[in-house]
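K.L.:
My structure file my_file-v1.pdb, PDB, C-alpha atoms, is below:
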ATOM      1  CA  MET A 881      14.053  -1.902  -7.262
ATOM      2  CA  PHE A 882      10.934  -0.480  -5.616
ATOM      3  CA  ILE A 883       8.012  -2.865  -5.004
ATOM      4  CA  THR A 884       4.739  -1.865  -3.362
ATOM      5  CA  LEU A 885       1.710  -3.839  -2.195
ATOM      6  CA  GLU A 886      -1.757  -2.332  -2.278
ATOM      7  CA  GLY A 887      -5.295  -3.395  -1.471
ATOM      8  CA  ILE A 888      -8.355  -2.763   0.624
ATOM      9  CA  GLU A 889      -8.584  -3.569   4.319
ATOM     10  CA  GLY A 890      -8.365  -7.302   4.930
ATOM     11  CA  SER A 891      -6.787  -8.124   1.572
ATOM     12  CA  GLY A 892      -3.770  -9.750   3.236
ATOM     13  CA  LYS A 893      -1.058  -7.214   2.429
ATOM     14  CA  THR A 894       0.751  -7.572   5.745
ATOM     15  CA  THR A 895       1.088 -11.343   5.285
ATOM     16  CA  GLN A 896       2.117 -11.089   1.643
ATOM     17  CA  VAL A 897       4.691  -8.358   2.282
ATOM     18  CA  GLN A 898       6.536 -10.900   4.408
ATOM     19  CA  ASN A 899       6.344 -13.448   1.588
ATOM     20  CA  VAL A 900       7.812 -10.917  -0.847
ATOM     21  CA  ALA A 901      10.621 -10.300   1.655
ATOM     22  CA  ARG A 902      11.342 -14.037   1.816
ATOM     23  CA  TRP A 903      11.369 -14.223  -2.001
ATOM     24  CA  LEU A 904      13.983 -11.442  -2.147
ATOM     25  CA  LYS A 905      16.069 -13.041   0.591
ATOM     26  CA  LEU A 906      16.164 -16.371  -1.230
ATOM     27  CA  ARG A 907      17.567 -14.577  -4.265
ATOM     28  CA  GLY A 908      20.232 -12.793  -2.258
ATOM     29  CA  ILE A 909      18.746  -9.359  -2.878
ATOM     30  CA  ASP A 910      19.417  -6.832  -0.109
ATOM     31  CA  PHE A 911      16.200  -5.024   0.776
ATOM     32  CA  VAL A 912      14.378  -2.717   3.167
ATOM     33  CA  LEU A 913      10.867  -3.606   4.336
ATOM     34  CA  THR A 914       8.638  -0.662   5.238
ATOM     35  CA  ARG A 915       5.063   0.634   5.262
ATOM     36  CA  GLU A 916       2.859   3.690   4.903
ATOM     37  CA  PRO A 917       1.859   5.429   6.951
ATOM     38  CA  GLY A 918       4.443   4.895   9.679
ATOM     39  CA  GLY A 919       7.688   3.864   8.010
ATOM     40  CA  THR A 920       9.744   6.369  10.016
ATOM     41  CA  ARG A 921       9.806   7.623  13.603
ATOM     42  CA  ILE A 922       7.889  10.761  12.669
ATOM     43  CA  GLY A 923       5.645   8.702  10.410
ATOM     44  CA  ARG A 924       4.610   6.512  13.314
ATOM     45  CA  ALA A 925       3.241   9.553  15.124
ATOM     46  CA  ILE A 926       1.328  10.559  11.983
ATOM     47  CA  ARG A 927       0.049   6.986  11.634
ATOM     48  CA  ARG A 928      -1.433   7.033  15.139
ATOM     49  CA  LEU A 929      -3.356  10.183  14.292
ATOM     50  CA  LEU A 930      -4.548   8.986  10.882
ATOM     51  CA  LEU A 931      -5.737   5.518  11.937
ATOM     52  CA  ASP A 932      -7.140   6.317  15.385
ATOM     53  CA  PRO A 933     -10.951   5.917  15.375
ATOM     54  CA  ALA A 934     -11.066   8.999  17.587
ATOM     55  CA  SER A 935      -9.931  10.999  14.525
ATOM     56  CA  CYS A 936     -13.315  10.408  12.889
ATOM     57  CA  ASP A 937     -13.793  14.178  12.366
ATOM     58  CA  LEU A 938     -10.515  14.596  10.455
ATOM     59  CA  ASP A 939     -11.150  16.720   7.385
ATOM     60  CA  PRO A 940     -10.429  14.876   4.093
ATOM     61  CA  VAL A 941      -8.000  17.576   2.922
ATOM     62  CA  ALA A 942      -6.178  17.481   6.265
ATOM     63  CA  GLU A 943      -6.068  13.696   5.918
ATOM     64  CA  LEU A 944      -4.524  14.017   2.460
ATOM     65  CA  LEU A 945      -1.878  16.454   3.694
ATOM     66  CA  LEU A 946      -0.975  14.210   6.626
ATOM     67  CA  TYR A 947      -0.421  11.300   4.258
ATOM     68  CA  ASN A 948       1.827  13.492   2.155
ATOM     69  CA  ALA A 949       3.746  14.661   5.222
ATOM     70  CA  ASP A 950       4.334  11.024   6.155
ATOM     71  CA  ARG A 951       5.448  10.240   2.590
ATOM     72  CA  VAL A 952       7.856  13.167   2.295
ATOM     73  CA  GLN A 953       9.616  12.064   5.491
ATOM     74  CA  HIS A 954       9.539   8.448   4.330
ATOM     75  CA  ILE A 955      11.026   9.144   0.900
ATOM     76  CA  ARG A 956      13.728  11.520   2.082
ATOM     77  CA  THR A 957      14.936   9.588   5.109
ATOM     78  CA  LEU A 958      14.367   5.938   4.161
ATOM     79  CA  ILE A 959      13.164   5.064   0.656
ATOM     80  CA  ARG A 960      15.425   7.273  -1.453
ATOM     81  CA  PRO A 961      18.602   6.555   0.576
ATOM     82  CA  ALA A 962      17.910   2.810   0.385
ATOM     83  CA  LEU A 963      17.368   2.878  -3.377
ATOM     84  CA  GLU A 964      20.461   5.001  -3.944
ATOM     85  CA  SER A 965      22.545   2.537  -1.929
ATOM     86  CA  GLY A 966      21.447  -0.275  -4.251
ATOM     87  CA  LYS A 967      18.905  -1.899  -1.947
ATOM     88  CA  ALA A 968      15.444  -2.995  -2.981
ATOM     89  CA  VAL A 969      12.527  -1.416  -1.121
ATOM     90  CA  VAL A 970       9.294  -3.270  -0.359
ATOM     91  CA  CYS A 971       6.521  -1.034   0.936
ATOM     92  CA  ASP A 972       3.075  -1.883   2.332
ATOM     93  CA  ARG A 973       1.046   0.892   0.635
ATOM     94  CA  PHE A 974       2.356   3.937  -1.208
ATOM     95  CA  PHE A 975       1.055   6.590  -3.594
ATOM     96  CA  ASP A 976      -1.611   4.405  -5.229
ATOM     97  CA  ALA A 977      -3.324   4.112  -1.834
ATOM     98  CA  THR A 978      -3.643   7.897  -1.655
ATOM     99  CA  LEU A 979      -5.089   8.008  -5.161
ATOM    100  CA  ALA A 980      -7.639   5.288  -4.332
ATOM    101  CA  TYR A 981      -8.590   6.372  -0.810
ATOM    102  CA  GLN A 982      -8.327  10.156  -0.840
ATOM    103  CA  GLY A 983      -8.471  10.919  -4.537
ATOM    104  CA  MET A 984     -11.295   8.560  -5.460
ATOM    105  CA  ALA A 985     -13.129   7.271  -2.376
ATOM    106  CA  ARG A 986     -12.921  10.654  -0.573
ATOM    107  CA  GLN A 987     -13.574  12.285  -3.952
ATOM    108  CA  LEU A 988     -10.799  14.879  -3.637
ATOM    109  CA  GLY A 989      -9.767  14.143  -7.200
ATOM    110  CA  VAL A 990      -6.911  12.268  -8.806
ATOM    111  CA  GLU A 991      -5.528  15.494 -10.265
ATOM    112  CA  LEU A 992      -5.062  17.125  -6.842
ATOM    113  CA  VAL A 993      -3.471  14.021  -5.330
ATOM    114  CA  SER A 994      -1.155  13.558  -8.324
ATOM    115  CA  ARG A 995      -0.129  17.224  -8.333
ATOM    116  CA  LEU A 996       0.806  17.078  -4.660
ATOM    117  CA  HIS A 997       2.856  13.944  -5.295
ATOM    118  CA  GLU A 998       4.734  15.738  -8.066
ATOM    119  CA  LEU A 999       5.345  18.827  -5.935
ATOM    120  CA  VAL A1000       6.457  17.344  -2.632
ATOM    121  CA  CYS A1001       7.160  13.629  -3.135
ATOM    122  CA  GLU A1002       9.527  13.772  -6.133
ATOM    123  CA  ASN A1003       6.856  11.979  -8.195
ATOM    124  CA  LEU A1004       8.535   8.748  -7.077
ATOM    125  CA  GLN A1005       6.896   5.706  -8.690
ATOM    126  CA  PRO A1006       7.306   1.997  -7.860
ATOM    127  CA  ASP A1007       8.801  -0.392 -10.389
ATOM    128  CA  LEU A1008       6.122  -2.962  -9.538
ATOM    129  CA  THR A1009       2.850  -2.727  -7.626
ATOM    130  CA  LEU A1010       1.019  -5.855  -6.499
ATOM    131  CA  LEU A1011      -2.673  -5.064  -6.037
ATOM    132  CA  LEU A1012      -4.364  -7.631  -3.808
ATOM    133  CA  ASP A1013      -7.958  -7.590  -4.975
ATOM    134  CA  LEU A1014     -10.777  -8.801  -2.748
ATOM    135  CA  ASP A1015     -14.482  -8.205  -2.266
ATOM    136  CA  PRO A1016     -14.743  -5.389   0.314
ATOM    137  CA  ALA A1017     -17.364  -7.176   2.415
ATOM    138  CA  ARG A1018     -15.065 -10.190   2.730
ATOM    139  CA  GLY A1019     -12.110  -7.955   3.494
ATOM    140  CA  LEU A1020     -13.924  -6.180   6.316
ATOM    141  CA  GLU A1021     -15.083  -9.518   7.699
ATOM    142  CA  ARG A1022     -11.466 -10.722   7.802
ATOM    143  CA  THR A1023     -10.335  -7.496   9.446
ATOM    144  CA  TRP A1024     -12.816  -7.595  12.308
ATOM    145  CA  GLN A1025     -12.081 -11.270  12.887
ATOM    146  CA  GLN A1026      -8.429 -10.306  13.312
ATOM    147  CA  VAL A1027      -9.344  -7.496  15.713
ATOM    148  CA  ASP A1028     -11.512  -9.863  17.769
ATOM    149  CA  ALA A1029      -8.676 -12.423  17.850
ATOM    150  CA  GLY A1030      -6.155  -9.824  19.027
ATOM    151  CA  ARG A1031      -4.126 -10.004  15.794
ATOM    152  CA  ARG A1032      -4.977  -6.464  14.720
ATOM    153  CA  ASN A1033      -4.685  -3.212  16.672
ATOM    154  CA  PRO A1034      -8.168  -1.868  17.539
ATOM    155  CA  ASP A1035      -6.601   1.593  17.862
ATOM    156  CA  GLU A1036      -5.921   1.569  14.094
ATOM    157  CA  THR A1037      -9.411   0.929  12.755
ATOM    158  CA  ARG A1038     -10.629   4.350  11.592
ATOM    159  CA  PHE A1039     -10.888   3.231   7.975
ATOM    160  CA  GLU A1040     -12.378  -0.142   8.891
ATOM    161  CA  LYS A1041     -15.257   1.762  10.504
ATOM    162  CA  GLU A1042     -16.149   3.461   7.231
ATOM    163  CA  LYS A1043     -19.309   2.264   5.500
ATOM    164  CA  LEU A1044     -19.111  -0.583   2.986
ATOM    165  CA  GLU A1045     -19.831   1.870   0.159
ATOM    166  CA  PHE A1046     -16.590   3.695   0.944
ATOM    167  CA  HIS A1047     -14.560   0.493   0.635
ATOM    168  CA  GLN A1048     -16.335  -0.354  -2.603
ATOM    169  CA  ARG A1049     -15.210   3.007  -3.996
ATOM    170  CA  VAL A1050     -11.659   2.280  -2.861
ATOM    171  CA  ARG A1051     -11.664  -1.058  -4.651
ATOM    172  CA  ALA A1052     -13.124   0.484  -7.802
ATOM    173  CA  GLY A1053     -10.436   3.161  -7.654
ATOM    174  CA  TYR A1054      -7.662   0.610  -7.346
ATOM    175  CA  LEU A1055      -8.985  -1.386 -10.292
ATOM    176  CA  GLU A1056      -9.236   1.799 -12.350
ATOM    177  CA  LEU A1057      -5.592   2.542 -11.591
ATOM    178  CA  ALA A1058      -4.605  -1.008 -12.554
ATOM    179  CA  ALA A1059      -6.406  -0.676 -15.872
ATOM    180  CA  ALA A1060      -4.604   2.612 -16.540
ATOM    181  CA  HIS A1061      -1.140   1.263 -15.601
ATOM    182  CA  PRO A1062      -1.091  -2.449 -16.519
ATOM    183  CA  GLU A1063       2.673  -2.437 -17.076
ATOM    184  CA  ARG A1064       3.272  -1.554 -13.411
ATOM    185  CA  ILE A1065       0.198  -2.589 -11.423
ATOM    186  CA  LYS A1066      -0.493  -6.331 -11.382
ATOM    187  CA  VAL A1067      -3.835  -7.457  -9.960
ATOM    188  CA  VAL A1068      -3.639 -10.477  -7.667
ATOM    189  CA  ASP A1069      -6.729 -12.451  -6.672
ATOM    190  CA  ALA A1070      -6.552 -12.203  -2.866
ATOM    191  CA  SER A1071      -9.270 -14.757  -2.193
ATOM    192  CA  GLY A1072      -8.313 -18.215  -1.012
ATOM    193  CA  THR A1073      -5.622 -19.298   1.410
ATOM    194  CA  PRO A1074      -2.541 -17.131   2.100
ATOM    195  CA  SER A1075      -0.330 -19.825   0.549
ATOM    196  CA  ARG A1076      -2.341 -19.812  -2.660
ATOM    197  CA  VAL A1077      -2.157 -16.013  -2.859
ATOM    198  CA  ALA A1078       1.585 -16.209  -2.163
ATOM    199  CA  GLU A1079       2.018 -18.585  -5.094
ATOM    200  CA  ARG A1080       0.189 -16.159  -7.405
ATOM    201  CA  ILE A1081       2.500 -13.383  -6.245
ATOM    202  CA  ARG A1082       5.609 -15.523  -6.634
ATOM    203  CA  LYS A1083       4.826 -16.156 -10.293
ATOM    204  CA  LEU A1084       4.423 -12.420 -10.896
ATOM    205  CA  LEU A1085       7.679 -11.693  -9.087
ATOM    206  CA  ASP A1086       9.538 -14.318 -11.116
ATOM    207  CA  ARG A1087       8.366 -12.672 -14.341
ATOM    208  CA  PHE A1088       9.141  -9.203 -13.009
ATOM    209  CA  ILE A1089      12.702 -10.002 -11.951
ATOM    210  CA  GLU A1090      13.411 -11.573 -15.327
ATOM    211  CA  GLU A1091      12.275  -8.428 -17.147
ATOM    212  CA  TYR A1092      13.911  -6.144 -14.580
ATOM    213  CA  GLY A1093      17.216  -7.895 -15.168
ATOM    214  CA  LYS A1094      16.886  -7.426 -18.914
ATOM    215  CA  ASP A1095      16.132  -3.722 -18.497
ATOM    216  CA  GLY A1096      19.041  -3.340 -16.086
TER
END
Please express what this file holds, its structure, as structure tokens.

P.N.:
Amino acid sequence: MFITLEGIEGSGKTTQVQNVARWLKLRGIDFVLTREPGGTRIGRAIRRLLLDPASCDLDPVAELLLYNADRVQHIRTLIRPALESGKAVVCDRFFDATLAYQGMARQLGVELVSRLHELVCENLQPDLTLLLDLDPARGLERTWQQVDAGRRNPDETRFEKEKLEFHQRVRAGYLELAAAHPERIKVVDASGTPSRVAERIRKLLDRFIEEYGKDG
């Protein structure tokens, strides 16, 4: 079972990933909790480079290749071994983020991003993707409030410093992906309190596990 969470900056993924983990634990499901970029030792070094505001001159193609380098290491050393051992994997961002950010918002093209995923990342797809949808202006407001309060690392704000129009393209890209893959990508209204969002997610997870059990 491979579950991913996606969304723009400030959509609450980090909080809701923990709620998904608690949901799995209550059901006695063994799982691994991870993230992209940075789910492995090598990935953490790539993450620092990708999210550092000082990397503002990083070429979009170089950015795309770094994300794929992180993902190859992640899949081969953590995700695939965990899945093959029978564990569930919960990941904060995965391939859909690359499609939305680099393929659509950076305008490198969905075809290029998808082809790379097929070539080097085994074309691995999640069983369920929870897309936390939020107005980008609100998301950025939340993010900078967290930075100011010391709850978010200011050294990982390269994307937060992009213009609002960039984040609007990311959101549009995510929603386009959800419309194209409704059986896998479930849109969650990320406005409101974290507990209310968690309840929306719990209902989706309850339905998913019921169907997943039938398919299994």

K.L.:
Neighbouring residues of region 916-927 of chain A were defined as those with any atom within 9 Å, considering all atoms listed in the file; residues of the same chain fewer than 4 positions away were excluded. Please report them as a PyMOL selection string.

P.N.:
chain A and resi 931-932+946-947+949-951+953-954+957-958+971-974+1036

K.L.:
Hey, what comes out of the PyMOL selection byres ((chain A and resi 1057-1070) around 7) on this file? Could you write it as a ChimeraX atom specification?

P.N.:
/A:891,1007-1014,1053-1056,1071-1072,1077,1080-1081

K.L.:
For region 891-937 of chain A versus region 1017-1035 of chain A, which residues have an atom no more than 12 Å away, and what is each residue's nearest atom pair and distance in Å rounded to one decimal, using only C-alpha atoms, chain-then-number order, as CSV?

P.N.:
residue,atom,partner,partner_atom,distance
A:Ser891,CA,A:Gly1019,CA,5.7
A:Gly892,CA,A:Gly1019,CA,8.5
A:Lys893,CA,A:Gly1019,CA,11.1
A:Thr894,CA,A:Arg1032,CA,10.7
A:Thr895,CA,A:Arg1031,CA,11.8
A:Arg927,CA,A:Asp1035,CA,10.6
A:Arg928,CA,A:Asp1035,CA,8.0
A:Leu929,CA,A:Asp1035,CA,9.9
A:Leu930,CA,A:Asp1035,CA,10.4
A:Leu931,CA,A:Asp1035,CA,7.2
A:Asp932,CA,A:Asp1035,CA,5.4
A:Pro933,CA,A:Asp1035,CA,6.6
A:Ala934,CA,A:Asp1035,CA,8.7
A:Ser935,CA,A:Asp1035,CA,10.5

K.L.:
Of the residues A:Thr1073, A:Cys936, A:Leu979, A:Asn948, which is the one nearest to Arg1051 (chain A), using only C-alpha atoms?

P.N.:
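Checking each candidate against Arg1051 (chain A), we get A:Leu979 as the closest.
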
K.L.:
Separation of CA of Ile959 (chain A) and CA of Asp910 (chain A), in Å?

P.N.:
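Between these atoms lies a distance of 13.5 Å.
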
K.L.:
So how many Å separate CA of Asn1003 (chain A) and CA of Ala962 (chain A), to one decimal?

P.N.:
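For CA of Asn1003 (chain A) relative to CA of Ala962 (chain A), the distance reads 16.7 Å.
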
K.L.:
Counting only C-alpha atoms, which residue out of A:His997, A:Lys905, A:Lys1083, A:Lys1041 sits closest to Lys967 (chain A)?

P.N.:
A:Lys905

K.L.:
Mind pulling up the distance from CA of Gln1005 (chain A) to CA of Leu906 (chain A)?

P.N.:
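Between CA of Leu906 (chain A) and CA of Gln1005 (chain A) the gap works out to 25.1 Å.
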
K.L.:
For Cys1001 (chain A), which residue out of A:Ile883, A:Glu964, A:Arg986, A:Leu945 is the nearest one, using only C-alpha atoms?

P.N.:
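Going through A:Ile883, A:Glu964, A:Arg986, A:Leu945 one by one, the smallest distance to Cys1001 (chain A) is for A:Leu945.
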
K.L.:
Of the residues A:Gly887, A:Arg995, A:Gln896, A:Leu913, which is the one nearest to Arg1082 (chain A), using all atoms listed in the file?

P.N.:
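Nearest to Arg1082 (chain A): A:Gln896.
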
K.L.:
So that all listed atoms of region 899-917 of chain A fit with 8 Å spare on each side, what axis-aligned box centre and edge lengths in Å, to one decimal, would you give as AutoDock Vina command-line options?

P.N.:
--center_x 11.0 --center_y -5.5 --center_z 1.3 --size_x 34.4 --size_y 37.8 --size_z 27.2

K.L.:
Which one of A:Leu1085, A:Leu885, A:Val952, A:Val897 sits closest to Leu999 (chain A) if you count all atoms listed in the file?

P.N.:
A:Val952

K.L.:
Could you pull the residues within 12 Å of Glu1045 (chain A), counting all atoms listed in the file, minus those fewer than 2 positions along the same chain, as an MDAnalysis selection string?

P.N.:
chainID A and resid 985:986 1015:1017 1020 1039:1043 1047:1052

K.L.:
Between A:Pro961, A:Pro1074, A:Gly890, A:Pro940, which has the minimum distance to Leu988 (chain A) (counting only C-alpha atoms)?

P.N.:
A:Pro940

K.L.:
Missing atoms in region 1067-1082 of chain A: fill them in up to N, CA and C atoms and send the result as a PDB file, keeping the file's coordinate frame.

P.N.:
ATOM      1  N   VAL A1067      -2.720  -7.078 -10.833  1.00  0.00           N
ATOM      2  CA  VAL A1067      -3.835  -7.457  -9.960  1.00  0.00           C
ATOM      3  C   VAL A1067      -3.681  -8.910  -9.539  1.00  0.00           C
ATOM      4  N   VAL A1068      -3.767  -9.134  -8.236  1.00  0.00           N
ATOM      5  CA  VAL A1068      -3.639 -10.477  -7.667  1.00  0.00           C
ATOM      6  C   VAL A1068      -4.951 -10.836  -6.979  1.00  0.00           C
ATOM      7  N   ASP A1069      -5.526 -11.958  -7.342  1.00  0.00           N
ATOM      8  CA  ASP A1069      -6.729 -12.451  -6.672  1.00  0.00           C
ATOM      9  C   ASP A1069      -6.361 -12.788  -5.226  1.00  0.00           C
ATOM     10  N   ALA A1070      -6.911 -12.026  -4.276  1.00  0.00           N
ATOM     11  CA  ALA A1070      -6.552 -12.203  -2.866  1.00  0.00           C
ATOM     12  C   ALA A1070      -7.503 -13.123  -2.119  1.00  0.00           C
ATOM     13  N   SER A1071      -8.400 -13.779  -2.839  1.00  0.00           N
ATOM     14  CA  SER A1071      -9.270 -14.757  -2.193  1.00  0.00           C
ATOM     15  C   SER A1071      -8.511 -16.076  -2.051  1.00  0.00           C
ATOM     16  N   GLY A1072      -8.996 -16.940  -1.219  1.00  0.00           N
ATOM     17  CA  GLY A1072      -8.313 -18.215  -1.012  1.00  0.00           C
ATOM     18  C   GLY A1072      -7.325 -18.139   0.129  1.00  0.00           C
ATOM     19  N   THR A1073      -6.553 -19.208   0.292  1.00  0.00           N
ATOM     20  CA  THR A1073      -5.622 -19.298   1.410  1.00  0.00           C
ATOM     21  C   THR A1073      -4.416 -18.385   1.179  1.00  0.00           C
ATOM     22  N   PRO A1074      -3.749 -17.954   2.258  1.00  0.00           N
ATOM     23  CA  PRO A1074      -2.541 -17.131   2.100  1.00  0.00           C
ATOM     24  C   PRO A1074      -1.477 -17.809   1.243  1.00  0.00           C
ATOM     25  N   SER A1075      -1.349 -19.129   1.346  1.00  0.00           N
ATOM     26  CA  SER A1075      -0.330 -19.825   0.549  1.00  0.00           C
ATOM     27  C   SER A1075      -0.675 -19.796  -0.935  1.00  0.00           C
ATOM     28  N   ARG A1076      -1.948 -19.878  -1.244  1.00  0.00           N
ATOM     29  CA  ARG A1076      -2.341 -19.812  -2.660  1.00  0.00           C
ATOM     30  C   ARG A1076      -2.095 -18.414  -3.220  1.00  0.00           C
ATOM     31  N   VAL A1077      -2.418 -17.384  -2.430  1.00  0.00           N
ATOM     32  CA  VAL A1077      -2.157 -16.013  -2.859  1.00  0.00           C
ATOM     33  C   VAL A1077      -0.658 -15.793  -3.021  1.00  0.00           C
ATOM     34  N   ALA A1078       0.138 -16.334  -2.090  1.00  0.00           N
ATOM     35  CA  ALA A1078       1.585 -16.209  -2.163  1.00  0.00           C
ATOM     36  C   ALA A1078       2.134 -16.828  -3.441  1.00  0.00           C
ATOM     37  N   GLU A1079       1.573 -17.938  -3.863  1.00  0.00           N
ATOM     38  CA  GLU A1079       2.018 -18.585  -5.094  1.00  0.00           C
ATOM     39  C   GLU A1079       1.704 -17.712  -6.308  1.00  0.00           C
ATOM     40  N   ARG A1080       0.535 -17.070  -6.305  1.00  0.00           N
ATOM     41  CA  ARG A1080       0.189 -16.159  -7.405  1.00  0.00           C
ATOM     42  C   ARG A1080       1.188 -15.007  -7.474  1.00  0.00           C
ATOM     43  N   ILE A1081       1.550 -14.483  -6.306  1.00  0.00           N
ATOM     44  CA  ILE A1081       2.500 -13.383  -6.245  1.00  0.00           C
ATOM     45  C   ILE A1081       3.882 -13.831  -6.693  1.00  0.00           C
ATOM     46  N   ARG A1082       4.285 -15.028  -6.262  1.00  0.00           N
ATOM     47  CA  ARG A1082       5.609 -15.523  -6.634  1.00  0.00           C
ATOM     48  C   ARG A1082       5.775 -15.605  -8.146  1.00  0.00           C
TER      49      ARG A1082
END
